[in-house]
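Participant: Below you will find the structure I want to go over with you.
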Amino acid sequence: MCAIDPQRDVEFVMGPADTLDHASRIQDYGSKMGIDATRKWESEGFRRAWPDEIVMDAGTKSRIDAIWQYLGLKQ
């Protein structure tokens, strides 16, 4: 679940870009997009209840714990 409001939480800016960014309008200059996905406060105009944190159930956690090594990751 994503709790962002695109109008409030997305910002576009123009400025320096990586030389290797071939999507830029011109070399070394282009746009960037920032997304504020932090929890909002009432003073920021957010008056609804914040969604509950998503938590894995015990069965899913056990399955993932069993395959960490197979995935090449350390536990």
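Identifiers in the structure tokens: chain A, B, ... in order shown; residue index from 1 per chain; ligand index from 1 in order shown.
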Considering only C-alpha atoms, return as a ChimeraX atom specification whatever protein or nucleic-acid residues lie within 12 Å of Ala49 of chain A, sequence-local ones (same chain, fewer than 3 positions apart) excluded.
Facilitator: /A:3,39-42,46,52
Participant: Might you pull out every residue within 10 Å of Val13 of chain A, with only C-alpha atoms counted and same-chain residues fewer than 2 positions away left off, and present them as a list in words?
Facilitator: Glu11, Gly15, Pro16, Gly30, Ser31, Lys32, Met33 and Gly34 of chain A
Participant: With all heavy atoms retained, export the selected residues as a PDB file, in the first residue's frame.
Facilitator:
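As a result, selection-v6.pdb now contains:
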ATOM      1  N   GLU A  11       7.567  15.926  -6.446  1.00  0.00           N
ATOM      2  CA  GLU A  11       8.211  17.175  -6.833  1.00  0.00           C
ATOM      3  C   GLU A  11       9.110  16.919  -8.039  1.00  0.00           C
ATOM      4  O   GLU A  11       9.884  15.959  -8.050  1.00  0.00           O
ATOM      5  CB  GLU A  11       9.058  17.690  -5.664  1.00  0.00           C
ATOM      6  CG  GLU A  11       9.789  18.957  -5.915  1.00  0.00           C
ATOM      7  CD  GLU A  11       8.955  20.179  -5.587  1.00  0.00           C
ATOM      8  OE1 GLU A  11       7.967  20.069  -4.856  1.00  0.00           O
ATOM      9  OE2 GLU A  11       9.327  21.252  -6.074  1.00  0.00           O
ATOM     10  N   GLY A  15      17.851  20.379 -13.325  1.00  0.00           N
ATOM     11  CA  GLY A  15      19.190  20.679 -12.845  1.00  0.00           C
ATOM     12  C   GLY A  15      20.214  19.735 -13.426  1.00  0.00           C
ATOM     13  O   GLY A  15      19.954  19.025 -14.401  1.00  0.00           O
ATOM     14  N   PRO A  16      21.399  19.726 -12.812  1.00  0.00           N
ATOM     15  CA  PRO A  16      22.483  18.882 -13.315  1.00  0.00           C
ATOM     16  C   PRO A  16      22.061  17.419 -13.338  1.00  0.00           C
ATOM     17  O   PRO A  16      21.324  16.959 -12.466  1.00  0.00           O
ATOM     18  CB  PRO A  16      23.608  19.095 -12.310  1.00  0.00           C
ATOM     19  CG  PRO A  16      23.265  20.346 -11.574  1.00  0.00           C
ATOM     20  CD  PRO A  16      21.780  20.464 -11.621  1.00  0.00           C
ATOM     21  N   GLY A  30      18.999  17.878 -16.843  1.00  0.00           N
ATOM     22  CA  GLY A  30      17.711  17.224 -17.029  1.00  0.00           C
ATOM     23  C   GLY A  30      16.832  17.367 -15.807  1.00  0.00           C
ATOM     24  O   GLY A  30      17.095  18.166 -14.925  1.00  0.00           O
ATOM     25  N   SER A  31      15.803  16.564 -15.752  1.00  0.00           N
ATOM     26  CA  SER A  31      14.846  16.649 -14.649  1.00  0.00           C
ATOM     27  C   SER A  31      15.006  15.477 -13.695  1.00  0.00           C
ATOM     28  O   SER A  31      15.540  14.429 -14.059  1.00  0.00           O
ATOM     29  CB  SER A  31      13.414  16.685 -15.199  1.00  0.00           C
ATOM     30  OG  SER A  31      13.134  15.510 -15.910  1.00  0.00           O
ATOM     31  N   LYS A  32      14.559  15.705 -12.490  1.00  0.00           N
ATOM     32  CA  LYS A  32      14.550  14.663 -11.466  1.00  0.00           C
ATOM     33  C   LYS A  32      13.184  14.696 -10.793  1.00  0.00           C
ATOM     34  O   LYS A  32      12.507  15.720 -10.772  1.00  0.00           O
ATOM     35  CB  LYS A  32      15.635  14.909 -10.432  1.00  0.00           C
ATOM     36  CG  LYS A  32      17.041  14.883 -11.009  1.00  0.00           C
ATOM     37  CD  LYS A  32      18.037  14.720  -9.915  1.00  0.00           C
ATOM     38  CE  LYS A  32      19.471  14.692 -10.339  1.00  0.00           C
ATOM     39  NZ  LYS A  32      19.836  14.391 -11.655  1.00  0.00           N
ATOM     40  N   MET A  33      12.791  13.556 -10.239  1.00  0.00           N
ATOM     41  CA  MET A  33      11.524  13.467  -9.534  1.00  0.00           C
ATOM     42  C   MET A  33      11.798  12.968  -8.115  1.00  0.00           C
ATOM     43  O   MET A  33      12.501  11.973  -7.927  1.00  0.00           O
ATOM     44  CB  MET A  33      10.584  12.488 -10.240  1.00  0.00           C
ATOM     45  CG  MET A  33       9.251  12.336  -9.542  1.00  0.00           C
ATOM     46  SD  MET A  33       8.078  11.261 -10.408  1.00  0.00           S
ATOM     47  CE  MET A  33       8.757   9.654 -10.091  1.00  0.00           C
ATOM     48  N   GLY A  34      11.256  13.661  -7.127  1.00  0.00           N
ATOM     49  CA  GLY A  34      11.361  13.239  -5.737  1.00  0.00           C
ATOM     50  C   GLY A  34       9.982  12.870  -5.217  1.00  0.00           C
ATOM     51  O   GLY A  34       8.993  13.515  -5.553  1.00  0.00           O
TER      52      GLY A  34
END
Participant: Could you give me the residues within chain A that DSSP places in alpha helix (DSSP H), as a ChimeraX atom specification?
Facilitator: /A:6-9,58-67
Participant: Tell me, which residues of segment 12-67 of chain A carry DSSP strand (DSSP E or B), written as a count of residues only?
Facilitator: 13
